[in-house]
Amino acid sequence: MTLSIMDIVNMPELGTRLLSGAAGAGRPVRWAHVCELADPTEWLGEGDLLMTTGLGIPRDGQAQRDYARALAQAGLAGMMIGENMQAPADLHALQDTAEDLGFPVLMTEYGVPFASVTRAVIDAQRAEEFERRNAITRIYASARLAIEGMGLDALLARLSADVRADLILWDPQAQQVWLPRDCDLPAQLHDMLRQQKPDAGKAQPLVRRFALEDGEMLGVLIPSRRRCVLLAHRRGRDLLDYSLLNHISAVLGIAMERRQVEHERAIRLGSELLEDLLNQRLTRQQAGKRLAQFGMRLDGAHMAVARRGGLSLPEGAVLFERWDRPLLLSPQGTGLFLLLPAGSAEGVQAILGADMGLSAPGGYFERLAESLREARLAV
């Protein structure tokens with residue numbers, strides 16, 4: 001991973017200590033370079049660590065303060081001074097200003113070559129790139145499992161482990177977390193997400209950043225017919241970057257498309273089965289076998305009739321996309337016929353948002369016609 005100023009201080013072989021600017025000790029070091037010019041900002045920029053023998057540091061106190069401000073304003077990660085070399089004997093003005101600005105000033109022992117610091121930065125970057133490539137390999141290994149049938153919740157958990165970050169699916173239409181189940185978002189983030197328009201489309205940036213107290217949350221739309229946002233919690237200097245985030249969203253988009261196609265197919269086959277049952281086209285044995293494929297039994301099941309007219313099967317598939325219990329439904333003119341397992345009627349009615357009549361438990365195959373009559377009377 002990318003080294004920080006404190007990582008360099010903590011490497012005993014570099015013989016470096018922190019003189020001032022401890023508030024900035026967590027800054028990442030993108031590169032380390034020697035520069036002895038009076039204005040190093042002409043050659044160094046954001047994330048760079050200035051290494052100097054002290055030749056370019058002014059001796060005047062006010063000039064030292066201006067020098068420190070210029071380095072901090074240019075976004076440098078910090079500065080490293082070679083001990084007992086050519087720096088002014090009095091560095092108090094430089095140190096005091098750096099402390100006020102949270103700009104790290106380091107002192108490195110005389111016998112430590114600056115090249116060893118640069119080499120440490122390079123080695124850290126190589127290790128980070130190696131780990132990132134391994135993470136991409138893990139992501140697409142997870143994608144293969146998703147294609148083979150891994151559930152969306154298990155896939156999300158696996159991808160979280162692949163990149164060592166907390167991954168969350170947010171539904172902008174329902175304005176709530178989809179997966180993982182029972183996941184609580186910070187109130188601040190919940191409010192920010194609720195303010196986002198669910199159908200902003202191309203008006204939205206590719207990646208949104210949400211600053212939280214315990215790190216940064218990134219949000220990206222998943223490429224799928226079902227509009228959904230992937231939230232990724234960045235914990236300090238972890239592996240997660242925009243590139244990995246887009247790999248993850250692509251894998252989840254494919255999994256969501258597969259899941260949606262399978263769900264629509266199940267709803268269609270369930271509708272055909274319910275019509276066959278109600279029109280007595282099946283024997284008791286055939287009915288039991290086909291119901292078992294949907295995870296249902298007639299024992300304890302209820303017939304239901306809902307006042308939800310004009311509902312097509314694709315619309316019904318969208319409504320019950322996240323319903324995780326067995327269900328058969330069949331649109332019938334101005335109503336909707338359903339076969340429900342015991343204990344599910346309240347949840348189904350909440351999804352439909354319509355009046356619904358419920359029969360007594362079916363109990364056995366021959367009672368289906370009577371159950372339908374009871375449900376019609378109830379509604």
# chains A, B, ... in the order shown; residues from 1 in each chain; ligands from 1
$ residues_around --residues "region 353-365 of chain A" --least-positions-apart "4" --cutoff "8 Å" --atoms "only C-alpha atoms" --output "list of chain:residue names"
A:Arg284, A:Ala287, A:Leu298, A:Asp299, A:Gly300, A:Ala301, A:His302, A:Met303, A:Ala304, A:Val305, A:Ala306, A:Arg307, A:Arg308, A:Ala342, A:Ala345, A:Gln349, A:Ser371, A:Leu372, A:Arg373, A:Glu374, A:Ala375, A:Arg376, A:Leu377, A:Ala378, A:Val379
$ closest_atom_pairs --of "region 116-144 of chain A" --to "region 242-250 of chain A" --cutoff "10 Å" --atoms "only C-alpha atoms" --output "Markdown table"
| residue | atom | partner | partner_atom | distance |
| --- | --- | --- | --- | --- |
| A:Arg132 | CA | A:Leu244 | CA | 8.0 |
| A:Arg133 | CA | A:Leu244 | CA | 9.5 |
| A:Ala135 | CA | A:Leu244 | CA | 8.0 |
| A:Ile136 | CA | A:Leu244 | CA | 7.0 |
| A:Ile139 | CA | A:Ile248 | CA | 6.8 |
| A:Tyr140 | CA | A:His247 | CA | 8.4 |
| A:Ser142 | CA | A:Ile248 | CA | 9.8 |
| A:Ala143 | CA | A:Ile248 | CA | 9.0 |
$ closest_residue --among "A:Ala174, A:Val261, A:Leu159, A:Thr41" --to "Thr137 (chain A)" --atoms "only C-alpha atoms"
A:Leu159
$ residues_around --residues "region 13-18 of chain A" --least-positions-apart "4" --cutoff "10 Å" --atoms "only C-alpha atoms" --output "short mmCIF file (atom, residue, chain, number, x, y, z; two decimals) with C-alpha atoms, in the first residue's frame"
data_model
loop_
_atom_site.label_atom_id
_atom_site.label_comp_id
_atom_site.auth_asym_id
_atom_site.auth_seq_id
_atom_site.Cartn_x
_atom_site.Cartn_y
_atom_site.Cartn_z
CA ILE A 5 4.73 10.00 6.52
CA MET A 6 4.29 8.00 9.72
CA ILE A 8 8.50 6.30 6.94
CA VAL A 9 9.08 7.45 10.53
CA ALA A 22 2.35 15.66 13.55
CA ALA A 25 1.64 12.41 9.68
CA MET A 80 12.84 15.54 4.99
CA ILE A 81 16.06 17.23 6.12
CA GLY A 82 19.42 15.47 6.24
CA GLU A 83 20.88 15.80 9.74
CA PRO A 104 5.29 17.26 8.46
CA VAL A 105 8.97 18.11 8.81
CA LEU A 106 11.30 15.12 9.21
CA MET A 107 14.94 14.79 10.23
CA THR A 108 16.95 11.86 8.81
CA GLU A 109 20.22 10.61 10.23
CA TYR A 110 23.38 11.61 8.38
CA GLY A 111 24.32 8.07 7.34
CA VAL A 112 20.97 7.28 5.65
CA PRO A 113 21.08 7.83 1.88
CA PHE A 114 18.04 9.58 0.41
CA SER A 116 16.86 4.35 0.34
CA VAL A 117 13.79 6.49 1.10
CA ALA A 120 11.01 2.31 0.06
#
$ closest_residue --among "A:Phe320, A:Gln176, A:Leu189, A:Leu277" --to "Glu366 (chain A)" --atoms "only C-alpha atoms"
A:Leu277
